[in-house]
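Written below as structure tokens is the structure these notes are about.
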Amino acid sequence: MPVFFEGFPRIVERGALKPGRWFVAAEGSRPLICFSTEEGGDGDERLVLTFGTTRPETLDFAATPLKSLTGPLATLEHEAVFAPGLAGHSPQLTAPVRRPFRPGTLLRMRSGDLGLGFSSASGGLIAVSLATGLRAEGYDMVFDRWTLSLRRPGGDLLVGAFRPI
């Protein structure tokens, strides 16, 4: 009987992680979806954006150095899908506020790419393109609330929703 593999995670060497690469790490027994950026320097000092769930349907977002992720790293065999707003919730009308974006905010860059904003080690706000992992200058739309899903042929899996504190 033949055995077919649709896809399976492969272990990734830390040195092979380039900016813009999606991968999976473990925090204890809990998987973290990770995105490699160019920020923070070279090698293990580079910042990685992590997406994990500690509460049902809630997404935790953080920027952490690559060296703080212990254990093996594996490829992500799904497409990451970001959607502005909260899936399955009633629309909320909020008054617009002119302010800098908050850490964890989904941004539409002037180039048309999606990006995420986060705090650097020095405390400044940085926007990184989710297409390349490189720092992006300028944005034209801010989404404080968003959802992350994983897509494979045959359906989507909602990972969680991000809501600012």
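All residue names refer to the structure tokens as shown: chains lettered A, B, ... in order, residues numbered from 1 in each chain, ligands numbered from 1 in order.
For range 147-157 of chain A, the list of residues within 7 Å, based on only C-alpha atoms and with local chain neighbours fewer than 4 positions off taken out, reads His78, Glu79, Ala80, Val81, Phe82, Ala83, Pro84, Gly85, Leu86, Ala87, Ala161 and Phe162 of chain A.
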Any idea what's packed within 12 Å of Phe23 in chain A, counting only C-alpha atoms, ignoring anything in its chain fewer than 2 positions away? Could you give it as a PDB file with C-alpha atoms, in the first residue's frame?
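Result written to part01.pdb:
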ATOM      1  CA  PRO A   9       7.186  19.938   9.266  1.00  0.00           C
ATOM      2  CA  ARG A  10      10.902  19.873   8.688  1.00  0.00           C
ATOM      3  CA  ILE A  11      13.444  20.899  11.296  1.00  0.00           C
ATOM      4  CA  VAL A  12      15.042  24.275  10.475  1.00  0.00           C
ATOM      5  CA  GLU A  13      18.548  25.299  11.486  1.00  0.00           C
ATOM      6  CA  ARG A  14      18.681  28.623  13.329  1.00  0.00           C
ATOM      7  CA  ALA A  16      19.103  29.326   7.986  1.00  0.00           C
ATOM      8  CA  LEU A  17      16.342  31.635   9.278  1.00  0.00           C
ATOM      9  CA  LYS A  18      16.291  34.666   7.037  1.00  0.00           C
ATOM     10  CA  PRO A  19      14.018  37.700   7.467  1.00  0.00           C
ATOM     11  CA  GLY A  20      10.499  36.977   6.243  1.00  0.00           C
ATOM     12  CA  ARG A  21      10.566  33.263   7.173  1.00  0.00           C
ATOM     13  CA  ALA A  25       8.741  26.820  17.864  1.00  0.00           C
ATOM     14  CA  ALA A  26       7.654  25.330  21.187  1.00  0.00           C
ATOM     15  CA  PRO A  31       3.383  25.602  19.733  1.00  0.00           C
ATOM     16  CA  LEU A  32       4.267  29.164  18.768  1.00  0.00           C
ATOM     17  CA  ILE A  33       3.901  30.494  15.234  1.00  0.00           C
ATOM     18  CA  CYS A  34       6.943  32.676  14.577  1.00  0.00           C
ATOM     19  CA  PHE A  35       8.074  35.213  11.975  1.00  0.00           C
ATOM     20  CA  SER A  36      11.724  36.148  11.507  1.00  0.00           C
ATOM     21  CA  THR A  37      12.641  39.837  11.105  1.00  0.00           C
ATOM     22  CA  VAL A  48      11.270  37.167  16.114  1.00  0.00           C
ATOM     23  CA  LEU A  49       7.550  37.946  16.215  1.00  0.00           C
ATOM     24  CA  THR A  50       5.665  35.195  18.086  1.00  0.00           C
ATOM     25  CA  PHE A  51       1.971  34.323  17.954  1.00  0.00           C
ATOM     26  CA  LEU A  66      15.667  34.265  18.597  1.00  0.00           C
ATOM     27  CA  LEU A  69      13.345  30.195  21.734  1.00  0.00           C
ATOM     28  CA  PRO A  72      14.005  22.666  17.708  1.00  0.00           C
ATOM     29  CA  LEU A  73      12.393  24.929  15.114  1.00  0.00           C
ATOM     30  CA  ALA A  74      10.251  23.568  12.270  1.00  0.00           C
ATOM     31  CA  THR A  75       8.810  24.893   9.021  1.00  0.00           C
ATOM     32  CA  LEU A  76       5.220  26.145   8.970  1.00  0.00           C
ATOM     33  CA  GLU A  77       3.304  24.066   6.441  1.00  0.00           C
ATOM     34  CA  HIS A  78       0.278  26.393   6.308  1.00  0.00           C
ATOM     35  CA  GLU A  79      -0.475  29.814   4.856  1.00  0.00           C
ATOM     36  CA  ALA A  80      -0.847  32.511   7.512  1.00  0.00           C
TER      37      ALA A  80
END
Which residues, written as a tab-separated table (two decimals) with all heavy atoms, in the first residue's frame, have at least one atom at most 9 Å from Ser129 in chain A, with only C-alpha atoms counted and residues fewer than 4 positions away on the same chain left out?
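result-v6.tsv, written as the output of this step:
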chain	number	residue	atom	x	y	z
A	20	GLY	N	11.67	37.33	7.04
A	20	GLY	CA	10.50	36.98	6.24
A	20	GLY	C	10.13	35.51	6.29
A	20	GLY	O	9.21	35.07	5.61
A	37	THR	N	12.44	38.48	11.62
A	37	THR	CA	12.64	39.84	11.10
A	37	THR	C	14.14	40.12	11.01
A	37	THR	O	14.96	39.33	11.44
A	37	THR	CB	12.00	40.89	12.04
A	37	THR	OG1	12.77	41.00	13.23
A	37	THR	CG2	10.56	40.52	12.38
A	107	LEU	N	-0.85	46.62	10.34
A	107	LEU	CA	-0.74	47.85	9.55
A	107	LEU	C	-0.78	47.54	8.07
A	107	LEU	O	-0.24	46.52	7.64
A	107	LEU	CB	0.58	48.56	9.86
A	107	LEU	CG	0.86	48.90	11.31
A	107	LEU	CD1	2.33	49.28	11.49
A	107	LEU	CD2	-0.04	50.02	11.78
A	108	ARG	N	-1.42	48.42	7.30
A	108	ARG	CA	-1.27	48.34	5.85
A	108	ARG	C	-0.25	49.39	5.47
A	108	ARG	O	-0.43	50.58	5.73
A	108	ARG	CB	-2.58	48.59	5.12
A	108	ARG	CG	-2.41	48.28	3.62
A	108	ARG	CD	-3.62	48.53	2.83
A	108	ARG	NE	-3.70	49.98	2.61
A	108	ARG	CZ	-4.67	50.55	1.92
A	108	ARG	NH1	-5.67	49.85	1.45
A	108	ARG	NH2	-4.67	51.86	1.75
A	109	MET	N	0.85	48.94	4.88
A	109	MET	CA	1.94	49.83	4.51
A	109	MET	C	1.58	50.61	3.26
A	109	MET	O	0.71	50.22	2.50
A	109	MET	CB	3.22	49.02	4.26
A	109	MET	CG	3.63	48.16	5.42
A	109	MET	SD	3.96	49.21	6.82
A	109	MET	CE	3.99	48.01	8.11
A	113	ASP	N	1.68	46.25	1.27
A	113	ASP	CA	1.95	45.08	2.10
A	113	ASP	C	1.27	45.22	3.45
A	113	ASP	O	0.99	46.33	3.91
A	113	ASP	CB	3.45	44.93	2.38
A	113	ASP	CG	4.24	44.48	1.18
A	113	ASP	OD1	3.62	44.01	0.20
A	113	ASP	OD2	5.48	44.62	1.21
A	114	LEU	N	1.02	44.09	4.09
A	114	LEU	CA	0.61	44.11	5.48
A	114	LEU	C	1.85	44.08	6.35
A	114	LEU	O	2.86	43.50	5.98
A	114	LEU	CB	-0.27	42.90	5.81
A	114	LEU	CG	-1.73	42.98	5.43
A	114	LEU	CD1	-2.45	41.71	5.84
A	114	LEU	CD2	-2.42	44.18	6.05
A	115	GLY	N	1.75	44.68	7.51
A	115	GLY	CA	2.86	44.69	8.43
A	115	GLY	C	2.37	44.66	9.86
A	115	GLY	O	1.17	44.77	10.12
A	116	LEU	N	3.28	44.47	10.78
A	116	LEU	CA	2.96	44.49	12.20
A	116	LEU	C	3.85	45.51	12.89
A	116	LEU	O	5.03	45.64	12.55
A	116	LEU	CB	3.19	43.12	12.84
A	116	LEU	CG	2.03	42.14	12.69
A	116	LEU	CD1	2.43	40.77	13.15
A	116	LEU	CD2	0.82	42.61	13.47
A	133	GLY	N	9.84	40.75	6.10
A	133	GLY	CA	10.50	40.75	7.40
A	133	GLY	C	11.40	41.96	7.61
A	133	GLY	O	12.05	42.07	8.62
A	134	LEU	N	11.42	42.87	6.65
A	134	LEU	CA	12.26	44.06	6.73
A	134	LEU	C	11.47	45.24	7.29
A	134	LEU	O	10.25	45.29	7.17
A	134	LEU	CB	12.81	44.42	5.34
A	134	LEU	CG	13.56	43.31	4.61
A	134	LEU	CD1	13.97	43.78	3.22
A	134	LEU	CD2	14.76	42.85	5.41
A	135	ARG	N	12.18	46.18	7.89
A	135	ARG	CA	11.56	47.38	8.44
A	135	ARG	C	10.85	48.13	7.32
A	135	ARG	O	11.38	48.26	6.22
A	135	ARG	CB	12.61	48.27	9.07
A	135	ARG	CG	12.00	49.48	9.77
A	135	ARG	CD	13.08	50.37	10.31
A	135	ARG	NE	13.70	49.75	11.47
A	135	ARG	CZ	13.96	50.39	12.59
A	135	ARG	NH1	13.66	51.66	12.71
A	135	ARG	NH2	14.52	49.77	13.59
A	136	ALA	N	9.66	48.60	7.61
A	136	ALA	CA	8.87	49.34	6.63
A	136	ALA	C	8.64	50.76	7.14
A	136	ALA	O	8.35	50.96	8.31
A	136	ALA	CB	7.53	48.64	6.40
### Summary
Correct to one decimal, the distance CA of Arg30 in chain A-CA of Thr64 in chain A is 16.2 Å
### Task
Tell me, in Å to one decimal, how far CA of Leu158 in chain A is from CA of Val142 in chain A.
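Result for CA of Leu158 in chain A versus CA of Val142 in chain A: 21.3 Å, one decimal.
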